[in-house]
>>> print(open('input.txt').read())   # compact mmCIF, C-alpha atoms
# COMPACT_ATOMS: atom_id res chain seq x y z
CA MET Y 1 -105.93 -67.37 -223.79
CA ILE Y 2 -107.83 -66.24 -220.72
CA HIS Y 3 -108.00 -62.51 -220.01
CA LEU Y 4 -107.88 -61.38 -216.39
CA ASP Y 5 -110.31 -58.49 -216.65
CA THR Y 6 -114.09 -58.94 -216.47
CA PRO Y 7 -115.52 -59.13 -220.03
CA LYS Y 8 -117.27 -55.87 -220.91
CA ARG Y 9 -120.47 -57.61 -221.95
CA PHE Y 10 -120.73 -59.18 -218.49
CA ALA Y 11 -120.51 -55.81 -216.74
CA PRO Y 12 -124.30 -55.26 -216.46
CA LEU Y 13 -124.75 -58.74 -215.00
CA VAL Y 14 -121.93 -58.35 -212.48
CA ASN Y 15 -123.13 -54.89 -211.48
CA GLN Y 16 -126.66 -56.20 -211.00
CA ALA Y 17 -125.39 -59.05 -208.80
CA ARG Y 18 -123.33 -56.59 -206.75
CA GLU Y 19 -126.36 -54.38 -206.11
CA VAL Y 20 -128.54 -57.37 -205.20
CA ALA Y 21 -125.91 -58.50 -202.71
CA ARG Y 22 -125.58 -55.02 -201.19
CA GLN Y 23 -129.22 -53.95 -201.11
CA VAL Y 24 -131.13 -57.24 -200.68
CA LEU Y 25 -129.01 -60.11 -199.37
CA ARG Y 26 -126.68 -58.36 -196.90
CA PRO Y 27 -129.50 -56.51 -195.03
CA ILE Y 28 -131.46 -59.74 -194.33
CA SER Y 29 -128.42 -61.97 -193.77
CA ARG Y 30 -128.54 -61.95 -189.97
CA GLN Y 31 -132.34 -62.29 -189.88
CA TYR Y 32 -132.43 -65.60 -191.74
CA ASP Y 33 -129.34 -66.92 -190.00
CA ARG Y 34 -131.32 -66.71 -186.76
CA ALA Y 35 -134.59 -67.98 -188.28
CA GLU Y 36 -132.97 -71.15 -189.65
CA HIS Y 37 -135.89 -72.94 -191.29
CA ASP Y 38 -137.93 -69.90 -192.33
CA ARG Y 39 -138.23 -69.54 -196.08
CA PRO Y 40 -136.74 -66.18 -197.18
CA VAL Y 41 -139.79 -64.76 -198.96
CA GLU Y 42 -137.72 -61.90 -200.37
CA LEU Y 43 -135.95 -64.40 -202.62
CA ASP Y 44 -139.08 -65.38 -204.57
CA MET Y 45 -139.52 -61.94 -206.12
CA LEU Y 46 -135.76 -61.53 -206.49
CA ALA Y 47 -135.44 -64.83 -208.37
CA ALA Y 48 -138.19 -63.81 -210.78
CA ALA Y 49 -136.40 -60.53 -211.50
CA ILE Y 50 -133.06 -62.28 -212.06
CA ASN Y 51 -134.64 -64.87 -214.36
CA GLY Y 52 -136.21 -62.07 -216.38
CA MET Y 53 -132.87 -60.37 -216.85
CA ASN Y 54 -131.19 -63.68 -217.70
CA ASP Y 55 -133.77 -64.32 -220.44
CA ALA Y 56 -133.16 -60.85 -221.84
CA MET Y 57 -129.39 -61.33 -221.83
CA GLY Y 58 -129.45 -64.78 -223.45
CA GLU Y 59 -126.26 -66.80 -222.94
CA MET Y 60 -124.78 -64.11 -220.72
CA GLY Y 61 -127.41 -64.78 -218.07
CA ALA Y 62 -126.11 -66.23 -214.84
CA GLY Y 63 -127.25 -68.99 -212.57
CA ALA Y 64 -126.52 -72.63 -211.84
CA THR Y 65 -129.15 -73.49 -214.47
CA GLY Y 66 -126.86 -72.17 -217.18
CA VAL Y 67 -123.59 -74.04 -216.71
CA ARG Y 68 -122.96 -76.53 -219.49
CA ARG Y 69 -119.78 -77.54 -221.24
CA THR Y 70 -119.50 -76.16 -224.76
CA ALA Y 71 -118.20 -77.86 -227.86
CA PRO Y 72 -114.44 -77.60 -228.50
CA ARG Y 73 -113.49 -74.29 -230.08
CA ASN Y 74 -110.65 -72.98 -232.15
CA PRO Y 75 -107.73 -72.65 -229.68
CA ASP Y 76 -107.03 -69.21 -231.09
CA GLU Y 77 -110.52 -67.98 -230.13
CA ASN Y 78 -111.60 -66.82 -226.69
CA ALA Y 79 -115.15 -67.67 -225.58
CA ASN Y 80 -116.61 -66.15 -222.45
CA GLY Y 81 -119.87 -67.96 -221.77
CA THR Y 82 -122.28 -68.94 -219.03
CA ASN Y 83 -119.72 -70.76 -216.87
CA LEU Y 84 -117.63 -67.61 -216.48
CA SER Y 85 -120.59 -65.23 -216.16
CA THR Y 86 -122.17 -67.48 -213.53
CA CYS Y 87 -118.97 -67.61 -211.47
CA LEU Y 88 -118.57 -63.84 -211.62
CA SER Y 89 -122.17 -63.33 -210.50
CA ILE Y 90 -121.89 -65.90 -207.71
CA MET Y 91 -118.80 -64.16 -206.36
CA GLU Y 92 -120.79 -60.96 -206.03
CA LEU Y 93 -123.92 -62.60 -204.58
CA CYS Y 94 -121.94 -64.56 -201.97
CA TRP Y 95 -120.37 -61.31 -200.85
CA GLY Y 96 -123.94 -60.70 -199.71
CA ASP Y 97 -124.80 -64.12 -198.24
CA VAL Y 98 -123.94 -67.70 -199.22
CA GLY Y 99 -126.97 -69.30 -197.57
CA LEU Y 100 -129.38 -66.93 -199.27
CA LEU Y 101 -127.81 -67.63 -202.65
CA LEU Y 102 -128.21 -71.37 -202.06
CA GLY Y 103 -131.84 -70.72 -201.14
CA MET Y 104 -132.54 -68.75 -204.33
CA PRO Y 105 -135.38 -70.46 -206.26
CA GLY Y 106 -134.16 -72.01 -209.49
CA GLN Y 107 -130.46 -71.88 -208.61
CA GLY Y 108 -129.93 -75.40 -207.19
CA LEU Y 109 -126.90 -77.56 -207.85
CA GLY Y 110 -129.32 -80.10 -209.30
CA ASN Y 111 -129.97 -77.64 -212.11
CA ALA Y 112 -126.27 -77.73 -212.92
CA ALA Y 113 -126.38 -81.54 -212.89
CA ILE Y 114 -129.25 -81.50 -215.38
CA ALA Y 115 -127.47 -78.97 -217.58
CA SER Y 116 -124.31 -81.09 -217.55
CA VAL Y 117 -125.67 -84.41 -218.85
CA ALA Y 118 -129.35 -84.05 -219.87
CA ASN Y 119 -130.45 -84.47 -223.47
CA GLU Y 120 -132.29 -81.74 -225.35
CA GLU Y 121 -135.74 -83.12 -224.52
CA GLN Y 122 -134.90 -83.23 -220.81
CA LEU Y 123 -133.44 -79.74 -220.87
CA ALA Y 124 -136.69 -78.43 -222.33
CA ARG Y 125 -138.91 -80.45 -219.97
CA PHE Y 126 -137.13 -79.41 -216.78
CA LYS Y 127 -136.44 -75.82 -217.82
CA GLY Y 128 -137.48 -73.26 -215.22
CA ARG Y 129 -137.84 -75.78 -212.39
CA TRP Y 130 -135.74 -75.72 -209.22
CA ALA Y 131 -133.62 -78.86 -208.78
CA ALA Y 132 -131.63 -80.02 -205.74
CA MET Y 133 -128.98 -82.74 -205.90
CA ALA Y 134 -128.90 -85.85 -203.68
CA ILE Y 135 -125.63 -87.75 -203.58
CA THR Y 136 -124.56 -88.25 -199.95
CA GLU Y 137 -125.83 -91.23 -197.93
CA PRO Y 138 -125.37 -92.26 -194.27
CA GLY Y 139 -122.63 -94.69 -195.30
CA CYS Y 140 -121.35 -92.79 -198.33
CA GLY Y 141 -119.88 -89.32 -198.18
CA SER Y 142 -116.81 -88.35 -200.15
CA ASP Y 143 -116.64 -91.66 -202.02
CA SER Y 144 -119.50 -91.16 -204.49
CA ALA Y 145 -118.69 -94.50 -206.10
CA ALA Y 146 -119.86 -96.26 -202.91
CA ILE Y 147 -123.50 -95.20 -203.37
CA ARG Y 148 -125.94 -97.86 -202.16
CA THR Y 149 -129.27 -96.39 -203.25
CA THR Y 150 -130.55 -98.76 -205.92
CA ALA Y 151 -132.48 -98.27 -209.15
CA ARG Y 152 -134.24 -101.30 -210.69
CA LEU Y 153 -135.88 -101.16 -214.10
CA ASP Y 154 -139.52 -102.24 -214.02
CA GLY Y 155 -141.33 -101.65 -217.31
CA ASP Y 156 -141.38 -97.94 -218.09
CA HIS Y 157 -140.12 -96.94 -214.65
CA TYR Y 158 -137.06 -97.28 -212.43
CA VAL Y 159 -137.80 -98.27 -208.83
CA LEU Y 160 -135.51 -96.44 -206.39
CA ASN Y 161 -134.77 -97.54 -202.82
CA GLY Y 162 -132.35 -95.95 -200.38
CA GLU Y 163 -131.63 -92.94 -198.19
CA LYS Y 164 -130.12 -89.54 -199.02
CA ILE Y 165 -128.83 -86.94 -196.56
CA TYR Y 166 -127.46 -83.38 -196.68
CA VAL Y 167 -129.54 -82.40 -199.72
CA THR Y 168 -129.13 -78.64 -200.16
CA SER Y 169 -132.50 -76.95 -200.86
CA GLY Y 170 -134.07 -80.39 -200.77
CA ASP Y 171 -137.28 -79.29 -199.07
CA ARG Y 172 -137.96 -76.18 -201.17
CA ALA Y 173 -136.86 -77.40 -204.61
CA ASP Y 174 -139.31 -78.80 -207.20
CA LEU Y 175 -137.04 -81.64 -208.31
CA VAL Y 176 -134.24 -83.69 -206.77
CA VAL Y 177 -131.49 -85.29 -208.86
CA VAL Y 178 -130.87 -88.60 -207.09
CA TRP Y 179 -127.73 -90.65 -207.69
CA ALA Y 180 -128.34 -94.40 -207.59
CA THR Y 181 -126.76 -97.62 -208.83
CA LEU Y 182 -128.27 -99.97 -211.39
CA ASP Y 183 -126.10 -102.86 -210.18
CA LYS Y 184 -123.98 -102.78 -207.01
CA SER Y 185 -121.77 -105.60 -208.28
CA LEU Y 186 -120.57 -103.46 -211.19
CA GLY Y 187 -119.24 -100.66 -209.01
CA ARG Y 188 -119.01 -97.06 -210.17
CA ALA Y 189 -119.88 -97.83 -213.81
CA ALA Y 190 -123.49 -98.60 -212.83
CA ILE Y 191 -124.14 -95.28 -211.04
CA LYS Y 192 -126.67 -93.02 -212.76
CA SER Y 193 -128.58 -89.86 -211.89
CA PHE Y 194 -132.38 -89.69 -211.88
CA VAL Y 195 -134.68 -86.67 -211.72
CA VAL Y 196 -137.30 -87.29 -209.02
CA GLU Y 197 -140.25 -84.91 -208.91
CA LYS Y 198 -141.62 -83.74 -205.58
CA GLY Y 199 -144.80 -85.54 -204.68
CA THR Y 200 -143.68 -88.82 -206.24
CA PRO Y 201 -145.03 -91.70 -204.09
CA GLY Y 202 -142.25 -93.32 -202.07
CA PHE Y 203 -140.12 -90.16 -201.95
CA GLU Y 204 -140.40 -88.98 -198.36
CA LEU Y 205 -138.84 -86.04 -196.53
CA ALA Y 206 -137.29 -87.50 -193.36
CA ARG Y 207 -136.07 -84.30 -191.65
CA LEU Y 208 -134.48 -80.88 -192.00
CA GLU Y 209 -131.00 -80.52 -190.52
CA HIS Y 210 -129.86 -77.93 -187.97
CA LYS Y 211 -126.50 -76.62 -189.14
CA LEU Y 212 -123.44 -74.63 -188.12
CA GLY Y 213 -123.72 -72.25 -191.08
CA ILE Y 214 -125.64 -71.39 -194.28
CA ARG Y 215 -128.79 -71.50 -192.16
CA ALA Y 216 -130.86 -69.55 -194.68
CA SER Y 217 -130.62 -72.60 -196.94
CA ASP Y 218 -132.61 -75.71 -196.03
CA THR Y 219 -130.74 -79.03 -195.87
CA ALA Y 220 -132.90 -82.14 -196.09
CA ALA Y 221 -132.77 -85.91 -195.68
CA PHE Y 222 -134.96 -88.23 -197.80
CA ILE Y 223 -136.10 -91.84 -197.71
CA LEU Y 224 -136.85 -93.60 -201.01
CA LYS Y 225 -139.18 -96.60 -200.66
CA ASP Y 226 -140.14 -98.24 -203.95
CA CYS Y 227 -140.11 -94.80 -205.55
CA ARG Y 228 -141.14 -95.17 -209.21
CA VAL Y 229 -139.36 -92.78 -211.58
CA PRO Y 230 -140.13 -92.68 -215.34
CA LYS Y 231 -137.40 -94.04 -217.60
CA ALA Y 232 -137.33 -90.67 -219.33
CA ASN Y 233 -136.03 -89.10 -216.10
CA LEU Y 234 -132.71 -90.94 -216.19
CA LEU Y 235 -130.02 -88.42 -217.14
CA GLY Y 236 -127.51 -89.49 -219.74
CA ASP Y 237 -127.01 -92.92 -221.30
CA PRO Y 238 -129.08 -95.70 -219.66
CA GLU Y 239 -126.57 -98.34 -220.74
CA ILE Y 240 -123.84 -99.45 -218.33
CA GLN Y 241 -120.46 -98.83 -219.94
CA ALA Y 242 -117.47 -99.49 -217.73
CA GLU Y 243 -115.30 -96.90 -219.47
CA LYS Y 244 -117.83 -94.07 -219.72
CA SER Y 245 -120.84 -94.35 -217.41
CA PHE Y 246 -119.50 -92.90 -214.17
CA ALA Y 247 -117.35 -90.39 -216.03
CA GLY Y 248 -120.51 -88.94 -217.52
CA VAL Y 249 -122.08 -88.54 -214.10
CA MET Y 250 -118.88 -87.09 -212.63
CA GLN Y 251 -118.81 -84.42 -215.36
CA THR Y 252 -121.39 -82.71 -213.18
CA PHE Y 253 -118.65 -81.99 -210.65
CA ASP Y 254 -116.39 -80.47 -213.29
CA ASN Y 255 -119.12 -77.89 -213.85
CA THR Y 256 -120.29 -77.36 -210.27
CA ARG Y 257 -116.97 -77.28 -208.43
CA PRO Y 258 -115.98 -73.93 -209.97
CA LEU Y 259 -119.37 -72.61 -208.80
CA VAL Y 260 -118.64 -73.65 -205.21
CA ALA Y 261 -115.15 -72.17 -205.55
CA ALA Y 262 -116.82 -68.93 -206.67
CA MET Y 263 -118.99 -68.98 -203.54
CA ALA Y 264 -115.85 -69.29 -201.42
CA VAL Y 265 -114.16 -66.44 -203.29
CA GLY Y 266 -117.17 -64.18 -202.72
CA LEU Y 267 -117.30 -64.93 -199.01
CA ALA Y 268 -113.55 -64.44 -198.65
CA LYS Y 269 -113.84 -61.00 -200.24
CA ALA Y 270 -116.63 -60.07 -197.82
CA CYS Y 271 -114.35 -60.91 -194.90
CA LEU Y 272 -111.45 -58.92 -196.34
CA ASP Y 273 -113.68 -55.94 -197.07
CA GLU Y 274 -114.93 -56.04 -193.48
CA ILE Y 275 -111.59 -56.38 -191.70
CA THR Y 276 -109.67 -53.77 -193.73
CA PRO Y 277 -111.52 -50.67 -192.41
CA LEU Y 278 -111.58 -52.13 -188.89
CA MET Y 279 -107.79 -52.40 -188.98
CA ALA Y 280 -107.50 -48.93 -190.47
CA GLU Y 281 -109.47 -47.52 -187.53
CA ALA Y 282 -106.84 -49.07 -185.28
CA GLY Y 283 -104.05 -47.42 -187.28
CA LEU Y 284 -103.03 -50.62 -189.07
CA THR Y 285 -102.58 -49.84 -192.76
CA LEU Y 286 -100.13 -51.04 -195.38
CA ASP Y 287 -97.09 -48.87 -195.99
CA ALA Y 288 -96.10 -49.75 -199.56
CA ASP Y 289 -92.65 -48.21 -199.07
CA ARG Y 290 -91.61 -50.63 -196.33
CA PRO Y 291 -90.97 -54.40 -196.54
CA LEU Y 292 -93.52 -56.60 -194.76
CA HIS Y 293 -91.09 -57.78 -192.10
CA ARG Y 294 -90.80 -54.16 -190.93
CA GLN Y 295 -94.56 -53.65 -190.65
CA PRO Y 296 -97.03 -54.75 -187.95
CA HIS Y 297 -97.72 -58.48 -187.96
CA ALA Y 298 -101.45 -57.89 -188.50
CA VAL Y 299 -100.72 -55.92 -191.67
CA ALA Y 300 -98.42 -58.66 -192.98
CA GLU Y 301 -101.16 -61.23 -192.28
CA LEU Y 302 -103.69 -59.19 -194.22
CA VAL Y 303 -101.34 -58.98 -197.22
CA ARG Y 304 -100.88 -62.75 -197.12
CA LEU Y 305 -104.64 -63.30 -197.00
CA ARG Y 306 -105.19 -61.02 -199.98
CA ALA Y 307 -102.58 -62.92 -201.99
CA ASP Y 308 -104.32 -66.22 -201.24
CA TYR Y 309 -107.65 -64.68 -202.19
CA GLU Y 310 -106.31 -63.56 -205.58
CA ALA Y 311 -104.86 -67.03 -206.26
CA ALA Y 312 -108.21 -68.66 -205.47
CA ARG Y 313 -110.11 -66.18 -207.63
CA LEU Y 314 -107.86 -66.68 -210.65
CA LEU Y 315 -107.97 -70.49 -210.39
CA THR Y 316 -111.76 -70.31 -210.28
CA LEU Y 317 -111.98 -68.10 -213.34
CA GLN Y 318 -109.58 -70.37 -215.21
CA ALA Y 319 -111.67 -73.49 -214.51
CA ALA Y 320 -114.86 -71.74 -215.65
CA TRP Y 321 -113.19 -70.30 -218.76
CA MET Y 322 -111.92 -73.74 -219.76
CA ALA Y 323 -115.45 -75.13 -219.59
CA ASP Y 324 -116.68 -72.29 -221.78
CA ASN Y 325 -114.01 -73.16 -224.33
CA GLY Y 326 -114.63 -76.90 -224.39
CA ARG Y 327 -111.38 -77.80 -222.67
CA PRO Y 328 -111.12 -80.65 -220.12
CA ASN Y 329 -111.04 -78.97 -216.72
CA SER Y 330 -111.32 -81.77 -214.17
CA LEU Y 331 -107.88 -80.95 -212.74
CA GLU Y 332 -108.48 -77.21 -212.74
CA ALA Y 333 -111.97 -77.56 -211.23
CA SER Y 334 -110.55 -79.54 -208.32
CA MET Y 335 -107.62 -77.13 -207.91
CA ALA Y 336 -110.03 -74.19 -207.77
CA LYS Y 337 -112.33 -75.93 -205.31
CA ALA Y 338 -109.45 -77.04 -203.06
CA LYS Y 339 -107.71 -73.66 -203.04
CA ALA Y 340 -110.83 -71.53 -202.69
CA GLY Y 341 -112.39 -73.72 -200.00
CA ARG Y 342 -109.29 -73.77 -197.83
CA THR Y 343 -108.54 -70.09 -198.44
CA CYS Y 344 -112.07 -69.03 -197.53
CA VAL Y 345 -111.90 -70.85 -194.18
CA ASP Y 346 -108.42 -69.46 -193.45
CA ILE Y 347 -109.46 -65.91 -194.27
CA ALA Y 348 -112.72 -66.06 -192.31
CA LEU Y 349 -111.06 -67.42 -189.15
CA LYS Y 350 -108.09 -65.09 -189.36
CA CYS Y 351 -110.37 -62.06 -189.81
CA VAL Y 352 -112.28 -63.07 -186.68
CA GLU Y 353 -108.96 -63.22 -184.88
CA LEU Y 354 -107.75 -59.88 -186.22
CA ALA Y 355 -111.01 -58.18 -185.26
CA GLY Y 356 -110.78 -59.40 -181.67
CA ALA Y 357 -113.95 -59.04 -179.62
CA VAL Y 358 -115.79 -57.44 -182.54
CA GLY Y 359 -115.07 -60.48 -184.70
CA TYR Y 360 -116.39 -62.92 -182.13
CA SER Y 361 -119.58 -61.00 -181.39
CA GLU Y 362 -122.67 -60.25 -183.47
CA VAL Y 363 -121.61 -56.63 -183.83
CA SER Y 364 -120.11 -57.71 -187.16
CA LEU Y 365 -121.03 -60.48 -189.61
CA LEU Y 366 -117.51 -61.91 -189.34
CA GLU Y 367 -118.55 -64.60 -186.84
CA LYS Y 368 -121.38 -65.68 -189.15
CA TRP Y 369 -119.09 -65.82 -192.16
CA ALA Y 370 -116.65 -67.97 -190.19
CA ARG Y 371 -119.50 -70.45 -189.65
CA ASP Y 372 -120.67 -70.27 -193.26
CA ALA Y 373 -117.17 -70.74 -194.67
CA LYS Y 374 -116.58 -74.31 -193.54
CA ILE Y 375 -119.24 -75.89 -195.74
CA LEU Y 376 -117.51 -74.48 -198.81
CA ASP Y 377 -114.49 -76.64 -197.98
CA ILE Y 378 -116.70 -79.70 -197.58
CA PHE Y 379 -119.59 -80.05 -200.03
CA GLU Y 380 -119.07 -80.91 -203.70
CA GLY Y 381 -116.04 -82.91 -202.55
CA THR Y 382 -113.98 -82.31 -199.42
CA GLN Y 383 -110.55 -80.71 -199.35
CA GLN Y 384 -108.93 -84.15 -198.99
CA ILE Y 385 -110.84 -85.59 -201.94
CA GLN Y 386 -109.87 -82.64 -204.15
CA LEU Y 387 -106.20 -83.13 -203.30
CA LEU Y 388 -106.54 -86.83 -204.14
CA ILE Y 389 -108.11 -86.02 -207.51
CA ILE Y 390 -105.38 -83.49 -208.23
CA ALA Y 391 -102.68 -86.04 -207.40
CA ARG Y 392 -104.30 -88.62 -209.70
CA ARG Y 393 -104.45 -86.15 -212.58
CA LEU Y 394 -100.87 -84.96 -212.15
CA LEU Y 395 -99.44 -88.46 -211.75
CA GLY Y 396 -101.64 -90.10 -214.37
CA LYS Y 397 -103.01 -92.61 -211.85
CA SER Y 398 -106.48 -94.16 -211.80
CA SER Y 399 -108.71 -94.24 -208.72
CA ALA Y 400 -107.77 -97.90 -208.26
CA GLU Y 401 -104.06 -97.11 -208.39
CA LEU Y 402 -104.13 -94.13 -206.03
CA LYS Y 403 -106.59 -94.23 -203.11
>>> encode(input="input.txt", output="C-alpha cells")
Amino acid sequence: MIHLDTPKRFAPLVNQAREVARQVLRPISRQYDRAEHDRPVELDMLAAAINGMNDAMGEMGAGATGVRRTAPRNPDENANGTNLSTCLSIMELCWGDVGLLLGMPGQGLGNAAIASVANEEQLARFKGRWAAMAITEPGCGSDSAAIRTTARLDGDHYVLNGEKIYVTSGDRADLVVVWATLDKSLGRAAIKSFVVEKGTPGFELARLEHKLGIRASDTAAFILKDCRVPKANLLGDPEIQAEKSFAGVMQTFDNTRPLVAAMAVGLAKACLDEITPLMAEAGLTLDADRPLHRQPHAVAELVRLRADYEAARLLTLQAAWMADNGRPNSLEASMAKAKAGRTCVDIALKCVELAGAVGYSEVSLLEKWARDAKILDIFEGTQQIQLLIIARRLLGKSSAELK
C-alpha cells in the first residue's frame, strides 16, 4: 500500500528541487513574467545540471522524460519509481515558478507522451531531446476525439495537414508530438500521435501567444501543410483497432495528468507559504485550543484551504504511485487533476483576497500566482472534462453513453 511519507531514497532529489526553486526559479520569476517571450537563459545550464544528476540517480531521476507505466507488480510489494519521484520534484519546482518549469529544456509534456507509448527503438532515438505536445486545434479543445488534423500514408512517410494551437514550449522544443487522424470516418480509433522534428518542411510556426499567466513558457501555434513525417515516427501501433487505438494514445494523459496536478499542488503551497506570515503579522494565527467557529473568519478560511491542499496532494501522490506499481489509474489521474486544478485556483484567489492590497499589487508574487493558477485547471483536460471522465469510470459508462 502507499506510504504517506517521502521515500528516503528520493530525499536528495526532493531537496535538490527545493533548492533550485528557492535559489534559481523564485528570484527570476518576476523578471520573466514581465519579459514574456524572452528565453530564460538561466534554464539551459540548470537543465544540464539536473540531467546530470538524473543520470547519476538512475530510475530515481525526475522529469517529464521519465514517466512511464511499469509492468504489474506483486500487490504485496511497494514500488516507488519515476512517476512518484517526478511528481515530488515538480511540486518543489512549481513552488518556485510554474512557467519556468514548463520552459525547462528537456521537460516537455511531449517527452511524457513519448515515454508513455513509444517502442524501445523510439525511446533510444528521441532520448535527450526536448518534445512539446500538440493536441488542441481551433475547432477542437477538450474533445480530443474530434481532432481534424489528418495523416495520410504515402510510401515511407505520413503526410500531415492541419493546424495546432496552444502548444506549450512549441517554439523552443526540438520535437513536437502531433496528434492526427488516419481516417476521419473512423472516429477516435484512427487518432495517432506522430513525432515531428523541427525544421521539417511544411511544419510552420504561425505565432506565439500572449497569455494571462505562465509567461516564462512559450505557447505556440503551428500550421502543417503537406508535412512529411517518417513512418518510424508514429508512436504506438500503426494499425487502426477500434477497441485499442485511441486508448493507447489516451494513456499519455494517465501519465501526464498527475504531473499537472503536481504543478498545481506546488503552486498552491507557494500561496499558502506566502499568506501565512502575512496573516501572522496582522495577528491572525490559529489557536489550536479553540474551535474554528470561535476564531477569526480569515483563520478559518486558511484552515479550510490547507485541508483542500492536503487532499489534492495525497490524490496526486496516489495516482503517481499507482502508475509506478502497474495499476490502472485513469480514474485516479483525473481525480487528482480535477481536485488539484480547482484547489490551486481557489487557494490562489483566496490568498489574494486575504492579503488585501498587498495581494493585488506586485509587492508580492500572489497576484502572479493567481494568474498562473488558472491554466492548471485547463490544460491536459479541463475541470469539466475531468469530472465527466470520473463520472464515466464510477458509473461504468462509455463516452458514447455519457456525454
>>> closest_residue(input="input.txt", among="Y:Met104, Y:Val229, Y:Ile240, Y:Leu366", to="Arg30 (chain Y)", atoms="all atoms listed in the file")
Y:Leu366
>>> residues_around(input="input.txt", residues="region 215-228 of chain Y", least_positions_apart="6", cutoff="9 Å", atoms="only C-alpha atoms", output="CSV table (one decimal) with C-alpha atoms, keeping the file's coordinate frame")
chain,number,residue,atom,x,y,z
Y,29,SER,CA,-128.4,-62.0,-193.8
Y,31,GLN,CA,-132.3,-62.3,-189.9
Y,32,TYR,CA,-132.4,-65.6,-191.7
Y,33,ASP,CA,-129.3,-66.9,-190.0
Y,34,ARG,CA,-131.3,-66.7,-186.8
Y,35,ALA,CA,-134.6,-68.0,-188.3
Y,36,GLU,CA,-133.0,-71.2,-189.6
Y,37,HIS,CA,-135.9,-72.9,-191.3
Y,38,ASP,CA,-137.9,-69.9,-192.3
Y,39,ARG,CA,-138.2,-69.5,-196.1
Y,40,PRO,CA,-136.7,-66.2,-197.2
Y,97,ASP,CA,-124.8,-64.1,-198.2
Y,98,VAL,CA,-123.9,-67.7,-199.2
Y,99,GLY,CA,-127.0,-69.3,-197.6
Y,100,LEU,CA,-129.4,-66.9,-199.3
Y,101,LEU,CA,-127.8,-67.6,-202.6
Y,102,LEU,CA,-128.2,-71.4,-202.1
Y,103,GLY,CA,-131.8,-70.7,-201.1
Y,104,MET,CA,-132.5,-68.8,-204.3
Y,134,ALA,CA,-128.9,-85.8,-203.7
Y,149,THR,CA,-129.3,-96.4,-203.2
Y,154,ASP,CA,-139.5,-102.2,-214.0
Y,157,HIS,CA,-140.1,-96.9,-214.6
Y,158,TYR,CA,-137.1,-97.3,-212.4
Y,159,VAL,CA,-137.8,-98.3,-208.8
Y,160,LEU,CA,-135.5,-96.4,-206.4
Y,161,ASN,CA,-134.8,-97.5,-202.8
Y,162,GLY,CA,-132.4,-96.0,-200.4
Y,163,GLU,CA,-131.6,-92.9,-198.2
Y,164,LYS,CA,-130.1,-89.5,-199.0
Y,165,ILE,CA,-128.8,-86.9,-196.6
Y,166,TYR,CA,-127.5,-83.4,-196.7
Y,167,VAL,CA,-129.5,-82.4,-199.7
Y,168,THR,CA,-129.1,-78.6,-200.2
Y,169,SER,CA,-132.5,-77.0,-200.9
Y,170,GLY,CA,-134.1,-80.4,-200.8
Y,171,ASP,CA,-137.3,-79.3,-199.1
Y,172,ARG,CA,-138.0,-76.2,-201.2
Y,196,VAL,CA,-137.3,-87.3,-209.0
Y,200,THR,CA,-143.7,-88.8,-206.2
Y,201,PRO,CA,-145.0,-91.7,-204.1
Y,202,GLY,CA,-142.2,-93.3,-202.1
Y,203,PHE,CA,-140.1,-90.2,-202.0
Y,204,GLU,CA,-140.4,-89.0,-198.4
Y,205,LEU,CA,-138.8,-86.0,-196.5
Y,206,ALA,CA,-137.3,-87.5,-193.4
Y,207,ARG,CA,-136.1,-84.3,-191.6
Y,208,LEU,CA,-134.5,-80.9,-192.0
Y,209,GLU,CA,-131.0,-80.5,-190.5
Y,372,ASP,CA,-120.7,-70.3,-193.3
>>> residues_near_point(input="input.txt", point="(-106.6, -84.4, -204.8)", cutoff="10 Å", atoms="only C-alpha atoms", output="list in words")
Leu331, Ser334, Met335, Ala338, Gly381, Thr382, Gln383, Gln384, Ile385, Gln386, Leu387, Leu388, Ile389, Ile390, Ala391, Arg392, Arg393, Leu394 and Lys403 of chain Y
>>> atom_distance(input="input.txt", atom1="CA of Ile147 (chain Y)", atom2="CA of Thr181 (chain Y)")
6.8 Å
>>> closest_residue(input="input.txt", among="Y:Leu278, Y:Leu235, Y:Ala115, Y:Leu305", to="Thr82 (chain Y)", atoms="all atoms listed in the file")
Y:Ala115
>>> atom_distance(input="input.txt", atom1="CA of Lys127 (chain Y)", atom2="CA of Ala49 (chain Y)")
16.5 Å
>>> closest_residue(input="input.txt", among="Y:Gly359, Y:Gly81, Y:Gly128, Y:Pro296", to="Ile114 (chain Y)", atoms="only C-alpha atoms")
Y:Gly128
>>> residues_around(input="input.txt", residues="region 342-348 of chain Y", least_positions_apart="4", cutoff="9 Å", atoms="only C-alpha atoms", output="list of chain:residue names")
Y:Ala264, Y:Val265, Y:Gly266, Y:Leu267, Y:Ala268, Y:Lys269, Y:Cys271, Y:Leu272, Y:Leu302, Y:Leu305, Y:Arg306, Y:Asp308, Y:Tyr309, Y:Ala312, Y:Lys337, Y:Ala338, Y:Val352, Y:Glu353, Y:Leu366, Y:Glu367, Y:Trp369, Y:Ala370, Y:Arg371, Y:Asp372, Y:Ala373, Y:Lys374, Y:Leu376, Y:Asp377, Y:Gln383
>>> closest_residue(input="input.txt", among="Y:Ile90, Y:Ala79, Y:Leu234, Y:Ala145", to="Gln122 (chain Y)", atoms="all atoms listed in the file")
Y:Leu234
>>> residues_around(input="input.txt", residues="Phe126 (chain Y)", least_positions_apart="3", cutoff="9 Å", atoms="only C-alpha atoms", output="number ranges by chain")
Y: 111, 114, 121-123, 129-131, 175
>>> closest_residue(input="input.txt", among="Y:Cys94, Y:Leu84, Y:Ala190, Y:Ala113", to="Ala323 (chain Y)", atoms="only C-alpha atoms")
Y:Leu84
